[in-house]
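Encoded as C-alpha cells, the structure appears first; notes follow it.
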Amino acid sequence: MKILVVEDEAAMNAFLVQALKSENHIVDSARDGEEGSFLARTNEYDLILLDYMLPKINGLEVIREIRAEKNSTPIIMLTVRSELDDKISALELGGDDYLTKPFSMAELSARINAVGRRPKIKETKTLSCGQISIDPENFSVHHRGKSVNLTSKEFSLLAFMVKNQGKVLSRTKILEAVWDINGDPFSNTIEMHILKLRKKLNDKKQKIISTLPGRGYKLEAPRV
C-alpha cells in the first residue's frame, strides 16, 4: 500500500513511517493538517493515517477537505481522544476507523489489513501477467514456475507494472506510485530498478518490459 501519515509529534511520526516501511508499504508523511490535506488531495494513496489534534487545521477539518473533493481514500484516525462524541464525529465526516493512543503496531497493522480488505480498495489476491504471478499478501513472485527474490522496492515496482500491464507508464507515474514524495525525478533510480527486474526475470531480450524512449515503460505478456 501507499500510505500517508499525518502526525505532528516528531517521534511518533518517525516511528510510524519506519514501522510501515518495514512492512513493505510506501509512506509519505506530514506534520500539520494543512500539509496533510494538500498531500491527500494532490496524490493517490491507498490509506491515510490521520492524527486528530494537528497544528493549523485539525483532523476533522482535514477529513472535510478530503471528502469535499469526492476523495474516498480510507482514513484511520489516530488520537489520544477517546470520547464517544469525537469518534462519532470522525466517522460521520467520512473516517473509516478510529484508533486511540497508545496502541501497538500489531493492532494498527490489523486495522490497516481490515480496511484493505474492504471492497473499495481490495486488491485481487493474485496478480498475473503471462507467466509472472504475484501474491501481494505474502510478497512472493513466481516467473515460469520459479520463485523470484525481489527487494521491497522491486516488488512494488513490478506489482504496479503488472496492475497496469499493456499501458505505457511514464517515469512520473512510476515515481509517484512506487516512491515517496522525496523521490528524485532526475536520478536514474527507476532505470536501475527496471534493469534489475529484467535481470531477475531473465528478460534479456526485453520481451516483458519494453522501453519506449521519451515515453516510459510498458510491461506485457510476451506473444506466443
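Just so we're on the same page: first chain in the C-alpha cells is A, next is B, and so on; residues restart at 1 for each chain, and ligands are numbered from 1 in the order they show up.
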
Residue contacts of Pro74 in chain A (8 Å, only C-alpha atoms) excluding same-chain residues fewer than 5 positions away, as a PyMOL selection string: chain A and resi 46-48+95-96+115

For the selection just defined, write its residues with N, CA and C atoms to a file, as a PDB file, in the first residue's frame.
ATOM      1  N   ASP A  46      -3.471   4.690  -0.872  1.00  0.00           N
ATOM      2  CA  ASP A  46      -4.375   3.585  -0.565  1.00  0.00           C
ATOM      3  C   ASP A  46      -4.977   3.746   0.822  1.00  0.00           C
ATOM      4  N   LEU A  47      -4.307   4.535   1.669  1.00  0.00           N
ATOM      5  CA  LEU A  47      -4.761   4.706   3.048  1.00  0.00           C
ATOM      6  C   LEU A  47      -4.140   5.963   3.647  1.00  0.00           C
ATOM      7  N   ILE A  48      -4.895   6.618   4.546  1.00  0.00           N
ATOM      8  CA  ILE A  48      -4.382   7.777   5.269  1.00  0.00           C
ATOM      9  C   ILE A  48      -4.497   7.512   6.765  1.00  0.00           C
ATOM     10  N   GLY A  95     -14.491   9.346   8.122  1.00  0.00           N
ATOM     11  CA  GLY A  95     -13.416   8.471   8.590  1.00  0.00           C
ATOM     12  C   GLY A  95     -13.858   7.020   8.525  1.00  0.00           C
ATOM     13  N   ASP A  96     -12.909   6.114   8.337  1.00  0.00           N
ATOM     14  CA  ASP A  96     -13.248   4.699   8.194  1.00  0.00           C
ATOM     15  C   ASP A  96     -12.992   3.890   9.463  1.00  0.00           C
ATOM     16  N   VAL A 115      -9.087  -2.653   6.832  1.00  0.00           N
ATOM     17  CA  VAL A 115      -9.551  -1.639   5.898  1.00  0.00           C
ATOM     18  C   VAL A 115      -9.169  -2.030   4.467  1.00  0.00           C
TER      19      VAL A 115
END

Fewer than 5 positions away in the same chain doesn't count, so skip those; otherwise give me all residues within 12 Å of Ser128 in chain A, counting only C-alpha atoms, as a VMD selection string. chain A and resid 133 to 136 140 to 144 158 to 165 219 to 221

Save out the residues we just selected, C-alpha atoms, as a PDB file, in the first residue's frame.
ATOM      1  CA  SER A 133       2.458 -14.434 -10.754  1.00  0.00           C
ATOM      2  CA  ILE A 134       2.415 -12.092  -7.738  1.00  0.00           C
ATOM      3  CA  ASP A 135       0.914 -12.761  -4.303  1.00  0.00           C
ATOM      4  CA  PRO A 136       0.585  -9.300  -2.645  1.00  0.00           C
ATOM      5  CA  SER A 140       6.024 -13.538  -3.287  1.00  0.00           C
ATOM      6  CA  VAL A 141       6.723 -13.581  -7.015  1.00  0.00           C
ATOM      7  CA  HIS A 142       6.973 -16.529  -9.396  1.00  0.00           C
ATOM      8  CA  HIS A 143       8.066 -16.474 -13.009  1.00  0.00           C
ATOM      9  CA  ARG A 144       7.799 -19.551 -15.178  1.00  0.00           C
ATOM     10  CA  LEU A 158       6.698  -4.989 -10.559  1.00  0.00           C
ATOM     11  CA  ALA A 159       3.263  -5.123  -8.893  1.00  0.00           C
ATOM     12  CA  PHE A 160       2.466  -1.628 -10.189  1.00  0.00           C
ATOM     13  CA  MET A 161       3.515  -2.566 -13.712  1.00  0.00           C
ATOM     14  CA  VAL A 162       1.542  -5.829 -13.649  1.00  0.00           C
ATOM     15  CA  LYS A 163      -1.578  -3.956 -12.464  1.00  0.00           C
ATOM     16  CA  ASN A 164      -1.092  -1.609 -15.410  1.00  0.00           C
ATOM     17  CA  GLN A 165       0.099  -4.174 -17.940  1.00  0.00           C
ATOM     18  CA  LEU A 219       5.038  -4.465 -19.311  1.00  0.00           C
ATOM     19  CA  GLU A 220       3.063  -7.031 -21.249  1.00  0.00           C
ATOM     20  CA  ALA A 221       2.955 -10.780 -21.638  1.00  0.00           C
TER      21      ALA A 221
END

CA of Ser72 in chain A to CA of Ala10 in chain A: how many Å, to one decimal?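 One can read the CA of Ser72 in chain A to CA of Ala10 in chain A distance as 27.2 Å.
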
Near range 63-66 of chain A, counting only C-alpha atoms, which residues have an atom at most 9 Å away, once you skip same-chain residues fewer than 6 positions from it, shown as a count of residues only? 12

Among the residues A:Lys87, A:Lys56, A:Glu69, A:Ile209, the one that comes closest to Cys129 in chain A [using only C-alpha atoms]: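 Using only C-alpha atoms, the shortest distance to Cys129 in chain A belongs to A:Ile209.
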
Pick out each residue of range 7-121 of chain A that DSSP on the backbone tags as strand (DSSP E or B); I need them as a list in words.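 Matching residues for strand (DSSP E or B) in range 7-121 of chain A are Ile26, Val27, Asp28, Ser29, Ala30, Leu47, Ile48, Leu49, Leu50, Asp51, Ile75, Ile76, Met77, Leu78, Thr79, Asp97, Tyr98, Leu99 and Thr100 of chain A.
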
Hey, can you spit out that residue selection with C-alpha atoms as an mmCIF file, in the first residue's frame?
data_model
loop_
_atom_site.group_PDB
_atom_site.id
_atom_site.type_symbol
_atom_site.label_atom_id
_atom_site.label_comp_id
_atom_site.auth_asym_id
_atom_site.auth_seq_id
_atom_site.Cartn_x
_atom_site.Cartn_y
_atom_site.Cartn_z
ATOM 1 C CA ILE A 26 5.326 3.134 0.571
ATOM 2 C CA VAL A 27 4.990 6.027 3.006
ATOM 3 C CA ASP A 28 4.684 9.817 2.796
ATOM 4 C CA SER A 29 4.278 11.936 5.921
ATOM 5 C CA ALA A 30 3.139 15.374 7.027
ATOM 6 C CA LEU A 47 -4.761 4.706 3.048
ATOM 7 C CA ILE A 48 -4.382 7.777 5.269
ATOM 8 C CA LEU A 49 -3.388 7.603 8.960
ATOM 9 C CA LEU A 50 -4.605 10.882 10.423
ATOM 10 C CA ASP A 51 -3.988 12.354 13.868
ATOM 11 C CA ILE A 75 -8.863 7.165 6.635
ATOM 12 C CA ILE A 76 -7.897 5.761 10.040
ATOM 13 C CA MET A 77 -7.902 8.364 12.828
ATOM 14 C CA LEU A 78 -5.125 8.192 15.439
ATOM 15 C CA THR A 79 -5.669 10.165 18.645
ATOM 16 C CA ASP A 97 -11.788 3.657 11.543
ATOM 17 C CA TYR A 98 -10.577 5.115 14.836
ATOM 18 C CA LEU A 99 -7.609 4.014 16.948
ATOM 19 C CA THR A 100 -6.939 5.511 20.390
#

What's the separation between CA of Tyr217 in chain A and CA of Arg198 in chain A, in Å to one decimal place?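 Between these atoms lies a distance of 12.1 Å.
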
Would you list the contacts of Leu169 in chain A as a compact mmCIF listing (two decimals) with N, CA, C and O atoms, in the first residue's frame, taking every protein, DNA or RNA residue within 7 Å and counting only C-alpha atoms, but skipping same-chain residues closer than 4 positions in sequence?
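Resulting contents of out_27.txt:
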# COMPACT_ATOMS: atom_id res chain seq x y z
N LYS A 173 4.67 8.81 -13.51
CA LYS A 173 3.66 7.92 -12.94
C LYS A 173 4.30 6.87 -12.05
O LYS A 173 3.79 6.56 -10.97
N ILE A 174 5.41 6.31 -12.50
CA ILE A 174 6.09 5.28 -11.72
C ILE A 174 6.64 5.88 -10.43
O ILE A 174 6.50 5.29 -9.35
N GLY A 216 8.36 6.20 -21.63
CA GLY A 216 8.34 5.43 -20.39
C GLY A 216 8.55 3.95 -20.62
O GLY A 216 9.35 3.56 -21.49
N TYR A 217 7.82 3.14 -19.86
CA TYR A 217 8.00 1.68 -19.90
C TYR A 217 6.63 1.01 -20.04
O TYR A 217 5.60 1.54 -19.62
N LYS A 218 6.67 -0.20 -20.60
CA LYS A 218 5.44 -0.98 -20.73
C LYS A 218 5.75 -2.44 -20.46
O LYS A 218 6.70 -3.00 -20.98

Those of range 5-207 of chain A in DSSP alpha helix (DSSP H), formatted as a PyMOL selection string: chain A and resi 10-22+33-42+59-68+84-93+105-116+152-163+171-178+189-200

Pick from A:Leu91, A:Met192, A:Leu175, A:Ile112: nearest to Arg67 in chain A, with only C-alpha atoms counted?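 The answer is A:Leu91, which sits nearest to Arg67 in chain A.
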
Out of A:Ile3, A:Leu201, A:Val168, A:Ala114, which residue has the shortest atom-to-atom distance to Val148 in chain A when counting only C-alpha atoms?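 Nearest candidate to Val148 in chain A out of A:Ile3, A:Leu201, A:Val168, A:Ala114: A:Leu201.
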